[in-house]
Structures are given as structure tokens and as C-alpha cells.
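Below is data24.txt, which holds compact mmCIF, C-alpha atoms.
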# COMPACT_ATOMS: atom_id res chain seq x y z
CA MET A 1 0.26 -10.94 -17.10
CA GLU A 2 -2.66 -11.50 -14.75
CA LYS A 3 -2.25 -10.33 -11.18
CA GLN A 4 -2.40 -12.98 -8.48
CA HIS A 5 -3.56 -12.87 -4.86
CA GLU A 6 0.00 -12.17 -3.71
CA ASP A 7 0.25 -9.14 -6.01
CA PHE A 8 -2.97 -7.61 -4.71
CA ILE A 9 -2.20 -8.26 -1.03
CA ARG A 10 1.30 -6.81 -1.44
CA GLU A 11 -0.22 -3.72 -3.05
CA ALA A 12 -2.57 -3.33 -0.08
CA ILE A 13 0.37 -3.76 2.32
CA LYS A 14 2.42 -1.17 0.39
CA MET A 15 -0.48 1.28 0.52
CA ALA A 16 -0.67 0.74 4.30
CA LYS A 17 3.06 1.30 4.77
CA ASP A 18 3.00 4.43 2.59
CA ASN A 19 0.03 5.74 4.55
CA VAL A 20 2.00 5.57 7.81
CA GLY A 21 4.35 8.23 6.48
CA SER A 22 1.53 10.42 5.18
CA GLY A 23 0.33 11.42 8.65
CA LYS A 24 -3.28 11.11 7.43
CA GLY A 25 -4.21 7.84 9.04
CA GLY A 26 -3.23 4.45 10.38
CA PRO A 27 -1.30 1.56 8.84
CA PHE A 28 -4.09 0.08 6.75
CA GLY A 29 -4.68 -0.31 3.01
CA ALA A 30 -7.33 -2.10 0.95
CA LEU A 31 -8.25 -2.89 -2.66
CA VAL A 32 -11.57 -4.01 -4.13
CA VAL A 33 -11.03 -6.25 -7.13
CA LYS A 34 -13.51 -7.59 -9.68
CA ASN A 35 -12.61 -9.81 -12.61
CA GLY A 36 -8.93 -9.31 -11.87
CA GLN A 37 -9.15 -5.51 -12.04
CA VAL A 38 -8.84 -3.05 -9.16
CA ILE A 39 -12.11 -1.12 -8.95
CA GLY A 40 -11.50 0.60 -5.62
CA ARG A 41 -8.61 1.66 -3.41
CA GLY A 42 -8.52 2.98 0.10
CA VAL A 43 -6.20 3.75 2.96
CA ASN A 44 -7.05 4.65 6.51
CA ARG A 45 -7.95 8.36 6.73
CA VAL A 46 -9.37 8.46 10.25
CA THR A 47 -7.09 11.17 11.62
CA GLY A 48 -6.62 13.02 8.34
CA ASN A 49 -10.37 13.36 7.76
CA ASN A 50 -11.42 13.43 11.43
CA ASP A 51 -13.74 10.58 10.48
CA PRO A 52 -13.84 7.42 12.62
CA SER A 53 -15.47 5.54 9.72
CA ALA A 54 -12.66 6.32 7.24
CA HIS A 55 -11.04 2.89 7.54
CA ALA A 56 -9.17 1.53 4.52
CA GLU A 57 -11.79 -1.09 3.66
CA VAL A 58 -14.65 1.41 3.89
CA GLU A 59 -12.71 3.91 1.78
CA ALA A 60 -11.96 1.21 -0.83
CA ILE A 61 -15.63 0.19 -0.94
CA ARG A 62 -16.73 3.82 -1.29
CA ASP A 63 -14.25 4.25 -4.14
CA ALA A 64 -15.40 1.04 -5.85
CA CYS A 65 -19.05 2.08 -5.58
CA ARG A 66 -18.27 5.50 -7.07
CA ASN A 67 -16.29 3.87 -9.88
CA THR A 68 -18.93 1.27 -10.70
CA GLY A 69 -21.96 3.47 -10.10
CA HIS A 70 -23.53 0.86 -7.85
CA TYR A 71 -23.85 0.21 -4.12
CA TRP A 72 -23.52 -3.57 -4.49
CA LEU A 73 -20.19 -5.13 -5.30
CA LYS A 74 -21.31 -8.67 -6.07
CA ASP A 75 -18.60 -10.91 -7.51
CA ALA A 76 -15.93 -8.57 -6.11
CA VAL A 77 -13.32 -9.44 -3.52
CA ILE A 78 -11.42 -7.26 -1.09
CA TYR A 79 -7.74 -7.41 -0.25
CA ALA A 80 -6.89 -5.80 3.08
CA SER A 81 -3.52 -5.29 4.70
CA CYS A 82 -5.14 -6.39 7.98
CA GLU A 83 -8.11 -8.45 9.08
CA PRO A 84 -11.15 -6.15 8.91
CA CYS A 85 -12.57 -4.68 12.10
CA PRO A 86 -16.25 -5.17 13.00
CA MET A 87 -17.33 -1.96 11.23
CA CYS A 88 -15.45 -2.85 8.06
CA LEU A 89 -16.73 -6.40 8.18
CA GLY A 90 -20.29 -5.08 8.37
CA THR A 91 -19.65 -2.78 5.41
CA ILE A 92 -18.19 -5.68 3.42
CA TYR A 93 -21.34 -7.71 4.09
CA TRP A 94 -23.61 -4.80 3.09
CA ALA A 95 -21.62 -4.34 -0.13
CA ARG A 96 -22.16 -8.03 -0.94
CA ILE A 97 -18.44 -8.66 -1.48
CA ASN A 98 -17.79 -12.38 -1.93
CA THR A 99 -14.39 -12.93 -0.34
CA ILE A 100 -11.99 -11.18 2.04
CA TYR A 101 -8.26 -11.73 1.69
CA TYR A 102 -6.15 -10.20 4.45
CA ALA A 103 -2.51 -10.16 5.51
CA ALA A 104 -2.03 -9.25 9.20
CA ASP A 105 -4.58 -10.51 11.70
CA ASN A 106 -6.32 -8.80 14.61
CA ASN A 107 -3.51 -9.84 17.00
CA ASP A 108 -0.95 -8.03 14.84
CA ALA A 109 -3.17 -4.93 14.89
CA ALA A 110 -3.66 -5.16 18.67
CA ARG A 111 0.12 -5.29 19.17
CA ALA A 112 0.30 -1.89 17.43
CA GLY A 113 -2.54 -0.41 19.52
CA PHE A 114 -5.48 -1.21 17.22
CA ASP A 115 -7.36 -3.67 19.42
CA ASP A 116 -10.88 -4.53 18.25
CA SER A 117 -11.42 -7.37 20.71
CA PHE A 118 -13.35 -5.04 23.03
CA ILE A 119 -15.88 -4.31 20.28
CA TYR A 120 -16.32 -8.00 19.43
CA ARG A 121 -16.95 -8.73 23.12
CA GLU A 122 -19.44 -5.86 23.34
CA PHE A 123 -21.46 -7.16 20.37
CA ALA A 124 -21.88 -10.51 22.11
CA LEU A 125 -23.38 -8.89 25.21
CA PRO A 126 -27.07 -8.15 25.70
CA ARG A 127 -27.77 -4.44 25.04
CA GLU A 128 -28.27 -3.67 28.71
CA GLU A 129 -24.78 -4.98 29.59
CA ARG A 130 -22.81 -3.03 26.96
CA SER A 131 -20.56 -0.14 27.96
CA ILE A 132 -22.47 2.26 25.69
CA GLN A 133 -25.99 2.78 26.90
CA SER A 134 -28.63 1.87 24.30
CA VAL A 135 -32.17 3.06 25.02
CA GLN A 136 -35.15 2.50 22.75
CA LEU A 137 -37.64 5.35 22.79
CA LYS A 138 -40.91 3.78 21.74
CA ASP A 139 -42.40 6.75 19.94
CA SER A 140 -45.80 6.09 18.40
CA GLU A 141 -44.43 7.02 14.96
CA ARG A 142 -41.32 4.82 15.18
CA SER A 143 -42.33 2.39 12.42
CA GLN A 144 -43.73 4.95 9.98
CA PRO A 145 -40.52 5.28 7.93
CA PHE A 146 -40.60 1.50 7.37
CA ASP A 147 -44.29 1.60 6.49
CA HIS A 148 -43.54 4.28 3.90
CA TRP A 149 -40.67 2.18 2.56
CA ILE A 150 -42.88 -0.90 2.23
CA GLN A 151 -45.54 1.11 0.39
CA ASN A 152 -43.11 2.96 -1.90
CA GLU A 153 -43.38 1.50 -5.41
CA ASN A 154 -40.36 3.48 -6.66
CA LYS A 155 -37.81 2.27 -4.10
CA THR A 156 -34.52 0.70 -5.03
CA GLU A 157 -34.30 -2.58 -3.10
CA TYR A 158 -31.06 -3.48 -1.40
What is this structure when it is put down as C-alpha cells?
Amino acid sequence: MEKQHEDFIREAIKMAKDNVGSGKGGPFGALVVKNGQVIGRGVNRVTGNNDPSAHAEVEAIRDACRNTGHYWLKDAVIYASCEPCPMCLGTIYWARINTIYYAADNNDAARAGFDDSFIYREFALPREERSIQSVQLKDSERSQPFDHWIQNENKTEY
């Protein structure tokens, strides 16, 4: 029997609920699926790993990339117990995942203390108005890494 969207989203939700009791992270779970098969799983491990990037979606993408041996996940989809935050959304775009299916939305997360609205507002502001200071240091060698990249004939494009 082929799994359906509801089966995958319920699995992600169950992973999130189970993770709450683990004490290793927040109430988030995610699956990366390709051709109807789970290729990556992840739960939030922020507090367990002392890693602010260890969100469920990022962990699932890392797992899928390890399992497939590739950094692109074209033709894959992600099922997340909650609407992805800005960091996870960026990672999903970089991984070239085609579709995001999610259960709870950002309002549900905010109600539980996981409010990303501040970050979304910050991104919309000009750099000089953001709460985190961002200063470009215009070193004379600043573009050399990109020049080397452009000239490198053995690079792997992404």
C-alpha cells in the first residue's frame, strides 16, 4: 500500500510529539520523501546538540543528503510538523526540494513560544535598520575567493 500525504504528515507529527519527551529538542519533526519513499528524517535537536541550526527540517535534509550521497534533493518533497522557519525555508530552497507540506502554522508555533515573526520582519528591513549590526569590511582581497571559484575548472556547480 502506497503512503499518502496524510501518512507522511502524521509520521512527522508523531516524531515531533515523541521528541518533546526526549528532552533533546523542541516539538518539531520532518521527513524528506522522494518517489514515495522516506529518504531523510529529522527532529529538532537544538538543545540536545547545543546547535541552533539543528531544526527538524535541516536535520531531515542532512539525513537525506547523507543517504542519497548528493547535496541536491530535486524531485523530493518535505513533510514538516510545522511551517518551516526562515532558516529552514532557506535550506529547503538550497536543497532544491520541490514542495513543502506542513501541519501546524507559524501562529501555532508562536503560541508555544516559537515565534519567527521577528526574523521575518528583520529580513524585510534595510541592513542598517536591523537589530543585529551588519558591517561590510571592504578588504582589497574580498572578491578573491569568488575569482578563484570562477577560474576553477574542477568545481562542482550548485
Distance criterion (all atoms listed in the file): nearest to Cys82 of chain A out of A:Asn154, A:Asn49, A:Asn107, A:Ser143: A:Asn107
Neighbour list for segment 62-75 of chain A as a ChimeraX atom specification, cut-off 6 Å, only C-alpha atoms, skip fewer than 3 positions in-chain: /A:39-40,59,95-98
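Taking atom CA of Ala112 of chain A and atom CA of Ile100 of chain A as the two end points, the separation is 21.8 Å.
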Among listed residues A:Ser117, A:Gln144, A:Asn35, A:Asn19, nearest Ser81 of chain A (using only C-alpha atoms): A:Asn19
Gap from atom CA of Val20 of chain A to atom CA of Asp51 of chain A - Å, one decimal: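 If I compute the distance from atom CA of Val20 of chain A to atom CA of Asp51 of chain A, I get 16.7 Å.
Shell of Leu31 of chain A at 9 Å, with only C-alpha atoms counted and residues fewer than 2 places along the chain excluded, is Phe8, Ile9, Glu11, Ala12, Gly29, Val33, Val38, Ile39, Gly40, Arg41, Gly42, Val43, Ala56, Glu57, Ala60, Ile61, Ala64, Val77, Ile78, Tyr79 and Ala80 of chain A.
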File of the preceding selection, C-alpha atoms, as an mmCIF file, keeping the file's coordinate frame:
data_model
loop_
_atom_site.group_PDB
_atom_site.id
_atom_site.type_symbol
_atom_site.label_atom_id
_atom_site.label_comp_id
_atom_site.auth_asym_id
_atom_site.auth_seq_id
_atom_site.Cartn_x
_atom_site.Cartn_y
_atom_site.Cartn_z
ATOM 1 C CA PHE A 8 -2.970 -7.610 -4.710
ATOM 2 C CA ILE A 9 -2.200 -8.260 -1.030
ATOM 3 C CA GLU A 11 -0.220 -3.720 -3.050
ATOM 4 C CA ALA A 12 -2.570 -3.330 -0.080
ATOM 5 C CA GLY A 29 -4.680 -0.310 3.010
ATOM 6 C CA VAL A 33 -11.030 -6.250 -7.130
ATOM 7 C CA VAL A 38 -8.840 -3.050 -9.160
ATOM 8 C CA ILE A 39 -12.110 -1.120 -8.950
ATOM 9 C CA GLY A 40 -11.500 0.600 -5.620
ATOM 10 C CA ARG A 41 -8.610 1.660 -3.410
ATOM 11 C CA GLY A 42 -8.520 2.980 0.100
ATOM 12 C CA VAL A 43 -6.200 3.750 2.960
ATOM 13 C CA ALA A 56 -9.170 1.530 4.520
ATOM 14 C CA GLU A 57 -11.790 -1.090 3.660
ATOM 15 C CA ALA A 60 -11.960 1.210 -0.830
ATOM 16 C CA ILE A 61 -15.630 0.190 -0.940
ATOM 17 C CA ALA A 64 -15.400 1.040 -5.850
ATOM 18 C CA VAL A 77 -13.320 -9.440 -3.520
ATOM 19 C CA ILE A 78 -11.420 -7.260 -1.090
ATOM 20 C CA TYR A 79 -7.740 -7.410 -0.250
ATOM 21 C CA ALA A 80 -6.890 -5.800 3.080
#
Could I get segment 76-111 of chain A from the block written out with N, CA, C and O atoms, as a short mmCIF file (atom, residue, chain, number, x, y, z; two decimals), in the first residue's frame?
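Listed below is the output, part33.cif:
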data_model
loop_
_atom_site.label_atom_id
_atom_site.label_comp_id
_atom_site.auth_asym_id
_atom_site.auth_seq_id
_atom_site.Cartn_x
_atom_site.Cartn_y
_atom_site.Cartn_z
N ALA A 76 12.25 15.82 -4.67
CA ALA A 76 11.87 15.38 -3.33
C ALA A 76 10.90 16.40 -2.75
O ALA A 76 10.82 17.54 -3.20
N VAL A 77 10.17 15.97 -1.74
CA VAL A 77 9.27 16.85 -1.01
C VAL A 77 9.61 16.71 0.47
O VAL A 77 10.27 15.76 0.88
N ILE A 78 9.18 17.69 1.25
CA ILE A 78 9.42 17.62 2.69
C ILE A 78 8.08 17.74 3.41
O ILE A 78 7.20 18.51 3.00
N TYR A 79 7.92 16.91 4.41
CA TYR A 79 6.75 16.94 5.29
C TYR A 79 7.25 17.41 6.64
O TYR A 79 8.15 16.80 7.22
N ALA A 80 6.68 18.49 7.14
CA ALA A 80 7.11 19.07 8.41
C ALA A 80 5.92 19.19 9.35
O ALA A 80 4.82 19.56 8.92
N SER A 81 6.16 18.91 10.60
CA SER A 81 5.09 19.01 11.59
C SER A 81 4.62 20.44 11.76
O SER A 81 3.52 20.69 12.23
N CYS A 82 5.47 21.40 11.34
CA CYS A 82 5.13 22.82 11.47
C CYS A 82 5.69 23.57 10.27
O CYS A 82 6.70 23.16 9.68
N GLU A 83 5.07 24.67 9.95
CA GLU A 83 5.55 25.54 8.88
C GLU A 83 7.02 25.89 9.12
O GLU A 83 7.38 26.31 10.22
N PRO A 84 7.87 25.70 8.13
CA PRO A 84 9.30 25.96 8.33
C PRO A 84 9.62 27.41 8.66
O PRO A 84 9.00 28.34 8.14
N CYS A 85 10.62 27.58 9.53
CA CYS A 85 11.10 28.90 9.89
C CYS A 85 11.94 29.46 8.73
O CYS A 85 12.24 28.75 7.77
N PRO A 86 12.37 30.71 8.81
CA PRO A 86 13.17 31.29 7.73
C PRO A 86 14.45 30.51 7.43
O PRO A 86 14.80 30.33 6.25
N MET A 87 15.15 30.03 8.45
CA MET A 87 16.38 29.28 8.21
C MET A 87 16.07 27.98 7.47
O MET A 87 16.75 27.63 6.50
N CYS A 88 15.06 27.27 7.93
CA CYS A 88 14.70 26.00 7.30
C CYS A 88 14.20 26.23 5.89
O CYS A 88 14.53 25.46 4.98
N LEU A 89 13.43 27.28 5.70
CA LEU A 89 12.95 27.60 4.36
C LEU A 89 14.12 27.86 3.42
O LEU A 89 14.14 27.36 2.29
N GLY A 90 15.12 28.59 3.88
CA GLY A 90 16.31 28.81 3.06
C GLY A 90 17.02 27.52 2.73
O GLY A 90 17.45 27.29 1.59
N THR A 91 17.13 26.62 3.70
CA THR A 91 17.78 25.33 3.47
C THR A 91 16.98 24.50 2.48
O THR A 91 17.56 23.83 1.61
N ILE A 92 15.67 24.54 2.57
CA ILE A 92 14.81 23.82 1.63
C ILE A 92 15.05 24.33 0.21
O ILE A 92 15.16 23.55 -0.73
N TYR A 93 15.13 25.64 0.06
CA TYR A 93 15.41 26.21 -1.26
C TYR A 93 16.78 25.77 -1.77
O TYR A 93 16.92 25.37 -2.93
N TRP A 94 17.80 25.83 -0.93
CA TRP A 94 19.15 25.43 -1.34
C TRP A 94 19.21 23.96 -1.72
O TRP A 94 19.97 23.56 -2.60
N ALA A 95 18.40 23.13 -1.06
CA ALA A 95 18.38 21.70 -1.37
C ALA A 95 17.58 21.39 -2.63
O ALA A 95 17.60 20.26 -3.11
N ARG A 96 16.89 22.38 -3.15
CA ARG A 96 16.10 22.23 -4.38
C ARG A 96 14.89 21.29 -4.20
O ARG A 96 14.48 20.60 -5.13
N ILE A 97 14.36 21.25 -2.99
CA ILE A 97 13.17 20.45 -2.72
C ILE A 97 11.98 21.11 -3.43
O ILE A 97 11.86 22.34 -3.42
N ASN A 98 11.11 20.30 -4.02
CA ASN A 98 10.03 20.83 -4.85
C ASN A 98 8.83 21.36 -4.08
O ASN A 98 8.22 22.35 -4.48
N THR A 99 8.45 20.68 -3.00
CA THR A 99 7.21 21.03 -2.31
C THR A 99 7.38 20.87 -0.81
O THR A 99 8.06 19.95 -0.36
N ILE A 100 6.73 21.75 -0.06
CA ILE A 100 6.69 21.68 1.40
C ILE A 100 5.25 21.38 1.80
O ILE A 100 4.33 22.09 1.40
N TYR A 101 5.08 20.33 2.58
CA TYR A 101 3.79 20.04 3.21
C TYR A 101 4.00 20.23 4.71
O TYR A 101 4.97 19.70 5.26
N TYR A 102 3.12 20.98 5.35
CA TYR A 102 3.28 21.20 6.79
C TYR A 102 1.94 21.11 7.48
O TYR A 102 0.89 21.30 6.87
N ALA A 103 1.99 20.83 8.77
CA ALA A 103 0.77 20.67 9.57
C ALA A 103 0.46 21.99 10.30
O ALA A 103 -0.31 22.80 9.81
N ALA A 104 1.07 22.22 11.44
CA ALA A 104 0.84 23.46 12.20
C ALA A 104 1.43 24.64 11.44
O ALA A 104 2.36 24.48 10.65
N ASP A 105 0.88 25.83 11.69
CA ASP A 105 1.46 27.00 11.03
C ASP A 105 2.25 27.84 12.04
O ASP A 105 2.35 27.49 13.21
N ASN A 106 2.80 28.95 11.56
CA ASN A 106 3.67 29.76 12.41
C ASN A 106 2.92 30.36 13.60
O ASN A 106 3.52 30.65 14.62
N ASN A 107 1.61 30.53 13.50
CA ASN A 107 0.83 31.03 14.64
C ASN A 107 0.75 29.98 15.74
O ASN A 107 0.80 30.30 16.93
N ASP A 108 0.60 28.71 15.34
CA ASP A 108 0.59 27.62 16.33
C ASP A 108 1.93 27.57 17.06
O ASP A 108 1.98 27.41 18.28
N ALA A 109 3.02 27.72 16.30
CA ALA A 109 4.35 27.69 16.90
C ALA A 109 4.55 28.87 17.85
O ALA A 109 5.10 28.72 18.94
N ALA A 110 4.10 30.06 17.43
CA ALA A 110 4.24 31.26 18.26
C ALA A 110 3.50 31.09 19.59
O ALA A 110 4.00 31.51 20.64
N ARG A 111 2.33 30.46 19.55
CA ARG A 111 1.56 30.22 20.77
C ARG A 111 2.34 29.40 21.78
O ARG A 111 2.20 29.55 22.99
#
